[in-house]
There are 2 protein chains.
Amino acid sequence: MKTLAIADVVHKIGQEVELYGWVNIKRDHKKIVFLDIRDRSGIVQVVGGEECKALSIEDVVKIKGLVKKRPDKLVNDKIPTGSVEIEVKELTILSKAQPMPLPVTTDGYEIDEEIRMKYRYLDIRRPRITKNLVLRSKFIQLLREYLFEKGFLEVETPILSETTPEGARDFVVPSRLQKGKFYALPQSPQQYKQLLMVAGLEKYFQIARCFRDEDPRADRAYGEFTQLDMEMSFVEREDVMRLVEDMIIGVYQKLNVPIKQKPFPVYNYQDAIKQFGADKFDLRSDEDKKNNVQAFAWVINFPFFEKTETGGWTFTHNPFSAPLPEFKQDLLDKKNIGSILTSQYDLVCNGYEVGGGSIRGHEPAVLKTVFEIMGYAEKDIQHQFGHMLEAFSYGAPPHGGIAPGIDRLLTCITGEKTLREVIPFPMTSGGKTSVMSAPSTVPDDKLQELGIKVNTD
Amino acid sequence: MKTLAIADVVHKIGQEVELYGWVNIKRDHKKIVFLDIRDRSGIVQVVGGEECKALSIEDVVKIKGLVKKRPDKLVNDKIPTGSVEIEVKELTILSKAQPMPLPVTTDGYEIDEEIRMKYRYLDIRRPRITKNLVLRSKFIQLLREYLFEKGFLEVETPILSETTPEGARDFVVPSRLQKGKFYALPQSPQQYKQLLMVAGLEKYFQIARCFRDEDPRADRAYGEFTQLDMEMSFVEREDVMRLVEDMIIGVYQKLNVPIKQKPFPVYNYQDAIKQFGADKFDLRSDEDKKNNVQAFAWVINFPFFEKTETGGWTFTHNPFSAPLPEFKQDLLDKKNIGSILTSQYDLVCNGYEVGGGSIRGHEPAVLKTVFEIMGYAEKDIQHQFGHMLEAFSYGAPPHGGIAPGIDRLLTCITGEKTLREVIPFPMTSGGKTSVMSAPSTVPDDKLQELGIKVNTD
């Protein structure tokens with residue numbers, strides 16, 4: 001078993017060590033061969049002889065060797081292990097590597113994305129992507145630690161769920177046990193997290209996988225994405241905003257990521273529109289952009305409803321939201337609909353919306369009236385949302401939540417251009433999976449078992 | 001915002017506090033009304049008057065009240081807050097509750113499961129289920145903390161993935177962008193985690209959602225389940241077994257869950273079959289069962305292949321496994337196939353298989369030969385596993401892993417009879433979701449957009 005990370009060889013001067021890693025670089029100087037050996041933790045220079053001649057780039061090796069301090073003038077300041085080198089005592093090739101189909105030591109921006117995704121398992125080897133994935137793991141765990149400290153529970157909600165009539169397009173899954181019927185993959189755990197509040201769990205979070213079959217766009221990931229899904233009982237708008245802000249400030253401090261302004265500035269929707277022409281905006285200066293500063297802001301006081309093309313009303317953000325308290329009576333009376341403001345809060349960072357949430361309408365009458373304003377017939381409300389209305393009738397606490405996007409926050413932190421740089425195995429923008437060639441055809445007999453057939457007319 | 005958990009009122013004697021919770025019990029004694037108020041943390045007795053008359057069971061209330069020490073003879077030893085009671089100063093009903101469709105204060109075993117799942121958000125209120133979900137959250141976080149401490153990275157792998165020709169039935173998802181083609185939900189992240197080893201991440205884990213469309217059975221959850229998916233590079237069989245064992249012993253100790261025998265006993269597959277007639281077995285005495293003791297054991301040295309009904313060979317556990325080193329040459333030579341032993345290790349607890357894994361065949365020739373022995377034609381191997389064979393040709397480290405089942409481990413720890421008692425929103429055994437009525441029908445125009453139609457002939 002490997003027990004020593006390459007980054008730790010600097011603490012082993014004068015000792016014989018066992019290294020495991022990949023041949024990052026090989027320089028053959030006739031009698032002497034210089035190798036850079038790489039593992040997840042870093043790179044170290046190895047000096048060998050004849051036994052290293054047969055090595056190729058990216059071979060996997062086990063090396064027994066002596067850690068030697070380099071003379072001062074040969075210290076390499078560019079790598080953390082640059083003060084030492086390893087003298088090979090014994091070398092074993094654990095796995096041979098064919099020539100790479102793409103370079104793995106460059107930053108990779110120059111390589112065609114289709115190729116990068118096809119060979120994502122090699123693409124991850126490049127230090128930039130390894131670093132992004134290490135950061136992702138750490139970032140998520142810091143968020144969790146903050147929330148556990150605050151008394152949150154992590155709860156898993158179903159992936160095989162019900163279709164939602166609202167929002168983006170669902171991915172559906174045919175049911176074999178009930179032919180002709182379908183599950184849907186959740187666009188978010190919205191209803192489940194509210195049900196967990198009705199269940200009395202009070203503080204919930206989940207690193208939740210969400211699914212939307214939206215048309216590909218440069219600035220989003222096709223198919224699935226990850227959000228920090230949260231919900232709390234017995235809170236008001238400012239409580240949720242304060243907690244999320246405190247969490248972000250604490251976690252970013254631990255990651256040494258600078259934040260432009262604390263507390264985060266808060267904009268009224270109307271003011272944001274006037275000032276920036278949009279409800280998401282970039283508060284960074286050029287200097288900030290260079291220094292990877294994160295410029296957060298809140299946007300609040302959005303209108304609850306907007307006119308549809310056909311002259312009806314639809315929600316601007318989330319039909320499960322409560323109006324601001326001073327508009328509750330107007331909502332219940334269906335008066336001044338265009339003027340009703342929602343309790344929605346959007347979190348903006350570096351020009352992107354990185355999260356949104358609201359205090360929910362926990363009274364059945366509020367939720368029901370929202371759908372009535374949108375023109376739903378009684379029977380459709382009951383059919384689609386009857387289970388939520390019923391749930392709220394058994395003692396639903398006031399509650400609210402938010403769902404910051406993990407992929408988007410990490411894209412901002414790393415300064416990457418696309419979400420795909422911080423997702424382990426992203427789909428291509430055309431909806432093709434990394435490495436594997438999904439989607440793919442399914443044999444007719446399997447489809448028949450599922451009660452469907454292909455219909456591409 | 002609620003700031004005080006009910007369990008903490010015992011520290012507030014003589015102080016005025018604000019409580020938020022549910023009316024668990026109401027006893028109306030004419031001038032005095034006794035209430036038990038419940039939140040996630042526990043229950044406390046509240047004493048009020050006229051203002052409490054209108055309350056119903058499970059109403060959500062906010063109470064301002066004075067925490068008073070009870071006289072010694074009135075202390076209730078049965079609840080942790082039994083030494084105090086709250087004198088109501090002000091009571092606000094935040095949400096009214098209709099009569100409950102099922103009791104939420106009993107242990108719930110007596111209630112029909114369909115009803116419990118329909119009202120899962122009420123079912124979770126019963127202390128037994130709340131406690132199971134709190135334990136689940138804590139258990140998973142303790143596992144994570146152990147693994148982070150050991151240098152593991154948490155990495156998310158795709159849910160929309162490729163169909164697998166092996167193992168159980170896939171759930172499939174029609175692709176709208178490529179009509180007539182399908183994604184599949186992963187039965188496990190097996191291939192992705194191995195690709196992460198090829199990518200050089202060395203130590204991976206994920207609390208992974210897995211999907212299998214298997215016929216319902218009493219002792220499994222239909223549809224989806226959760227496993228602690230792990231993979232490590234530069235390890236041998238004993239390294240993985242030792243790490244997992246150390247993790248379980250440490251985490252169970254923190255949860256005060258007793259383990260029968262440490263280190264875990266190790267059985268040869270053949271010996272287990274002889275001794276117990278099966279490769280999973282229960283080592284507990286009746287006394288152990290009473291005390292909720294967890295009896296773990298390892299089973300190793302399984303045959304790699306077994307005969308199929310048609311006289312060919314198939315794998316017993318996992319085609320991606322390596323044989324034990326001493327059988328590698330036989331495998332490559334396709335000799336003595338029935339005698340080849342695999343590096344597979346199964347973890348058994350209280351009569352259940354709670355996890356299995358192996359050292360993988362990281363050499364392309366080994367993986368390919370496994371499929372040849374199973375009678376795959378060259379073109380099928382390339383079509384289905386070509387991407388793995390290719391990945392292994394670019395410097396794949398020796399690696400292995402395991403995937404303990406979270407739902408099953410928790411069922412054993414809690415002594416529950418079914419997995420559904422420890423899953424937040426389980427499906428019924430017939431594949432119907434909790435609360436929501438999925439699977440459900442999808443309008444024809446949506447199906448057309450997805451390139452499929454229903455075919456229930």
# chains A, B, ... in the order shown; residues from 1 in each chain; ligands from 1
>>> residues_around(residues="B:Lys334", least_positions_apart="4", cutoff="12 Å", atoms="only C-alpha atoms", output="MDAnalysis selection string")
chainID B and resid 305 313 327:330 338:340 365:366 368:375
>>> residues_around(residues="stretch 111-126 of chain B", least_positions_apart="2", cutoff="10 Å", atoms="only C-alpha atoms", output="ChimeraX atom specification")
/A:192,194-201,387,390-391,394-395 /B:22,38-40,58,100-109,128-133,420-421,424-430,432-437
>>> residues_around(residues="B:Lys446", least_positions_apart="5", cutoff="12 Å", atoms="only C-alpha atoms", output="CSV table (one decimal) with C-alpha atoms, in the first residue's frame")
chain,number,residue,atom,x,y,z
A,163,THR,CA,-43.2,15.0,-13.1
A,165,PRO,CA,-45.9,20.7,-14.6
A,169,ARG,CA,-38.5,20.2,-19.1
A,170,ASP,CA,-38.3,17.0,-17.1
A,171,PHE,CA,-36.2,14.0,-17.8
A,172,VAL,CA,-38.6,11.0,-17.6
A,182,PHE,CA,-43.2,7.4,-15.9
A,213,ASP,CA,-33.6,18.9,-20.0
A,455,ASN,CA,-41.1,7.0,-32.3
B,174,PRO,CA,-35.0,8.9,-23.4
B,175,SER,CA,-32.8,11.6,-24.9
B,176,ARG,CA,-34.7,14.5,-26.5
B,441,THR,CA,-48.8,9.4,-17.2
B,451,GLY,CA,-39.0,10.4,-29.5
B,452,ILE,CA,-41.0,7.6,-27.8
B,453,LYS,CA,-44.5,6.4,-27.4
B,454,VAL,CA,-46.3,4.1,-25.0
>>> select_by_dssp(residues="stretch 163-306 of chain A", states="helix (DSSP H, G or I)", output="ChimeraX atom specification")
/A:190-198,237-254,269-276,286-290
>>> closest_residue(among="A:Glu156, A:Glu231, A:Asp246, A:Glu90", to="A:Ala208", atoms="only C-alpha atoms")
A:Glu156
>>> residues_around(residues="B:Leu135", least_positions_apart="5", cutoff="12 Å", atoms="only C-alpha atoms", output="list in words")
Leu153, Glu154 and Val155 of chain A; Pro127, Arg128, Ile129, Thr130, Ile140, Gln141, Leu142, Val251, Tyr252, Lys254, Leu255, Asn256, Val257, Ile406, Asp407, Leu409, Leu410, Thr411, Ile413, Thr414, Glu421, Val422, Ile423 and Pro424 of chain B
>>> select_by_dssp(residues="stretch 92-243 of chain A", states="strand (DSSP E)", output="NGL selection string")
:A and (92-95 or 153-154 or 172-174 or 182-184 or 203-212 or 223-233)
>>> residues_around(residues="stretch 219-227 of chain A", least_positions_apart="5", cutoff="6 Å", atoms="only C-alpha atoms", output="list in words")
Ile207, Ala208, Arg209, Cys210, Phe211, Arg212, Asp213, Ala403, Pro404, Gly405 and Ile406 of chain A
>>> closest_residue(among="A:Lys274, A:His362, A:Lys260, A:Lys30", to="chain B", atoms="only C-alpha atoms")
A:His362
>>> residues_around(residues="B:Lys68", least_positions_apart="2", cutoff="9 Å", atoms="only C-alpha atoms", output="VMD selection string")
chain B and resid 12 to 15 66 70 83 to 87
>>> write_last_selection(atoms="N, CA and C atoms", output="mmCIF file, in the first residue's frame")
data_model
loop_
_atom_site.group_PDB
_atom_site.id
_atom_site.type_symbol
_atom_site.label_atom_id
_atom_site.label_comp_id
_atom_site.auth_asym_id
_atom_site.auth_seq_id
_atom_site.Cartn_x
_atom_site.Cartn_y
_atom_site.Cartn_z
ATOM 1 N N LYS B 12 -32.449 26.735 31.219
ATOM 2 C CA LYS B 12 -32.991 28.096 31.229
ATOM 3 C C LYS B 12 -33.921 28.338 32.418
ATOM 4 N N ILE B 13 -33.734 27.584 33.474
ATOM 5 C CA ILE B 13 -34.645 27.703 34.631
ATOM 6 C C ILE B 13 -34.676 29.147 35.137
ATOM 7 N N GLY B 14 -35.884 29.649 35.334
ATOM 8 C CA GLY B 14 -36.057 31.012 35.827
ATOM 9 C C GLY B 14 -36.062 32.057 34.720
ATOM 10 N N GLN B 15 -35.825 31.624 33.490
ATOM 11 C CA GLN B 15 -35.772 32.589 32.379
ATOM 12 C C GLN B 15 -37.047 32.524 31.534
ATOM 13 N N LEU B 66 -42.263 31.056 30.899
ATOM 14 C CA LEU B 66 -41.267 31.058 31.961
ATOM 15 C C LEU B 66 -40.885 29.605 32.265
ATOM 16 N N ARG B 70 -39.650 21.929 38.364
ATOM 17 C CA ARG B 70 -40.786 21.249 38.972
ATOM 18 C C ARG B 70 -40.413 20.787 40.380
ATOM 19 N N SER B 83 -37.611 17.674 34.399
ATOM 20 C CA SER B 83 -37.382 18.424 35.651
ATOM 21 C C SER B 83 -37.941 19.843 35.583
ATOM 22 N N VAL B 84 -38.433 20.241 34.394
ATOM 23 C CA VAL B 84 -38.958 21.606 34.258
ATOM 24 C C VAL B 84 -40.330 21.588 33.599
ATOM 25 N N GLU B 85 -41.021 22.715 33.712
ATOM 26 C CA GLU B 85 -42.195 22.940 32.864
ATOM 27 C C GLU B 85 -42.235 24.421 32.505
ATOM 28 N N ILE B 86 -43.012 24.724 31.466
ATOM 29 C CA ILE B 86 -43.052 26.094 30.967
ATOM 30 C C ILE B 86 -44.411 26.700 31.304
ATOM 31 N N GLU B 87 -44.375 27.856 31.923
ATOM 32 C CA GLU B 87 -45.622 28.571 32.220
ATOM 33 C C GLU B 87 -45.885 29.547 31.077
#
>>> residues_around(residues="B:Ser393", least_positions_apart="2", cutoff="8 Å", atoms="only C-alpha atoms", output="tab-separated table (two decimals) with N, CA, C and O atoms, in the first residue's frame")
chain	number	residue	atom	x	y	z
A	96	LYS	N	2.12	0.11	-18.04
A	96	LYS	CA	2.69	0.83	-19.19
A	96	LYS	C	1.63	1.77	-19.78
A	96	LYS	O	0.45	1.48	-19.75
A	97	ALA	N	2.10	2.88	-20.32
A	97	ALA	CA	1.20	3.83	-20.97
A	97	ALA	C	1.53	3.95	-22.46
A	97	ALA	O	2.67	4.14	-22.84
A	98	GLN	N	0.50	3.82	-23.26
A	98	GLN	CA	0.63	4.16	-24.69
A	98	GLN	C	0.83	5.67	-24.82
A	98	GLN	O	0.57	6.41	-23.89
B	363	GLU	N	-5.06	-4.30	-15.79
B	363	GLU	CA	-4.35	-4.52	-17.05
B	363	GLU	C	-5.38	-4.84	-18.13
B	363	GLU	O	-6.24	-5.70	-17.93
B	364	PRO	N	-5.29	-4.19	-19.28
B	364	PRO	CA	-6.29	-4.44	-20.33
B	364	PRO	C	-6.44	-5.93	-20.64
B	364	PRO	O	-7.56	-6.42	-20.82
B	389	LEU	N	-10.97	-0.58	-21.66
B	389	LEU	CA	-9.71	-1.17	-22.11
B	389	LEU	C	-8.76	-0.08	-22.57
B	389	LEU	O	-7.56	-0.11	-22.28
B	390	GLU	N	-9.31	0.91	-23.28
B	390	GLU	CA	-8.45	2.00	-23.74
B	390	GLU	C	-7.91	2.80	-22.55
B	390	GLU	O	-6.72	3.11	-22.48
B	391	ALA	N	-8.80	3.10	-21.60
B	391	ALA	CA	-8.37	3.88	-20.42
B	391	ALA	C	-7.23	3.17	-19.70
B	391	ALA	O	-6.25	3.81	-19.29
B	395	GLY	N	-1.73	4.04	-18.63
B	395	GLY	CA	-1.11	4.17	-17.30
B	395	GLY	C	-2.14	4.09	-16.20
B	395	GLY	O	-2.44	5.08	-15.54
B	396	ALA	N	-2.66	2.88	-15.99
B	396	ALA	CA	-3.68	2.67	-14.95
B	396	ALA	C	-2.99	2.12	-13.71
B	396	ALA	O	-2.30	1.11	-13.79
>>> decode(residues="stretch 355-380 of chain A", atoms="C-alpha atoms", output="short mmCIF file (atom, residue, chain, number, x, y, z; two decimals), in the first residue's frame")
data_model
loop_
_atom_site.label_atom_id
_atom_site.label_comp_id
_atom_site.auth_asym_id
_atom_site.auth_seq_id
_atom_site.Cartn_x
_atom_site.Cartn_y
_atom_site.Cartn_z
CA GLY A 355 -28.63 30.96 -5.81
CA GLY A 356 -32.21 31.83 -5.11
CA GLY A 357 -34.79 31.11 -2.50
CA SER A 358 -37.74 32.42 -0.57
CA ILE A 359 -39.94 32.16 2.44
CA ARG A 360 -42.66 29.71 1.41
CA GLY A 361 -46.38 30.02 1.44
CA HIS A 362 -47.00 27.50 4.23
CA GLU A 363 -50.73 28.22 4.48
CA PRO A 364 -52.83 26.14 2.08
CA ALA A 365 -54.89 29.23 1.14
CA VAL A 366 -51.80 31.16 0.02
CA LEU A 367 -50.42 28.36 -2.15
CA LYS A 368 -53.82 27.65 -3.64
CA THR A 369 -54.49 31.29 -4.47
CA VAL A 370 -51.15 31.54 -6.29
CA PHE A 371 -52.29 28.81 -8.66
CA GLU A 372 -55.74 30.36 -9.00
CA ILE A 373 -54.15 33.66 -10.01
CA MET A 374 -52.20 31.76 -12.65
CA GLY A 375 -55.50 30.46 -14.01
CA TYR A 376 -55.41 26.87 -12.78
CA ALA A 377 -58.78 25.15 -12.49
CA GLU A 378 -59.64 23.69 -9.09
CA LYS A 379 -59.29 20.13 -10.34
CA ASP A 380 -55.85 20.80 -11.82
#
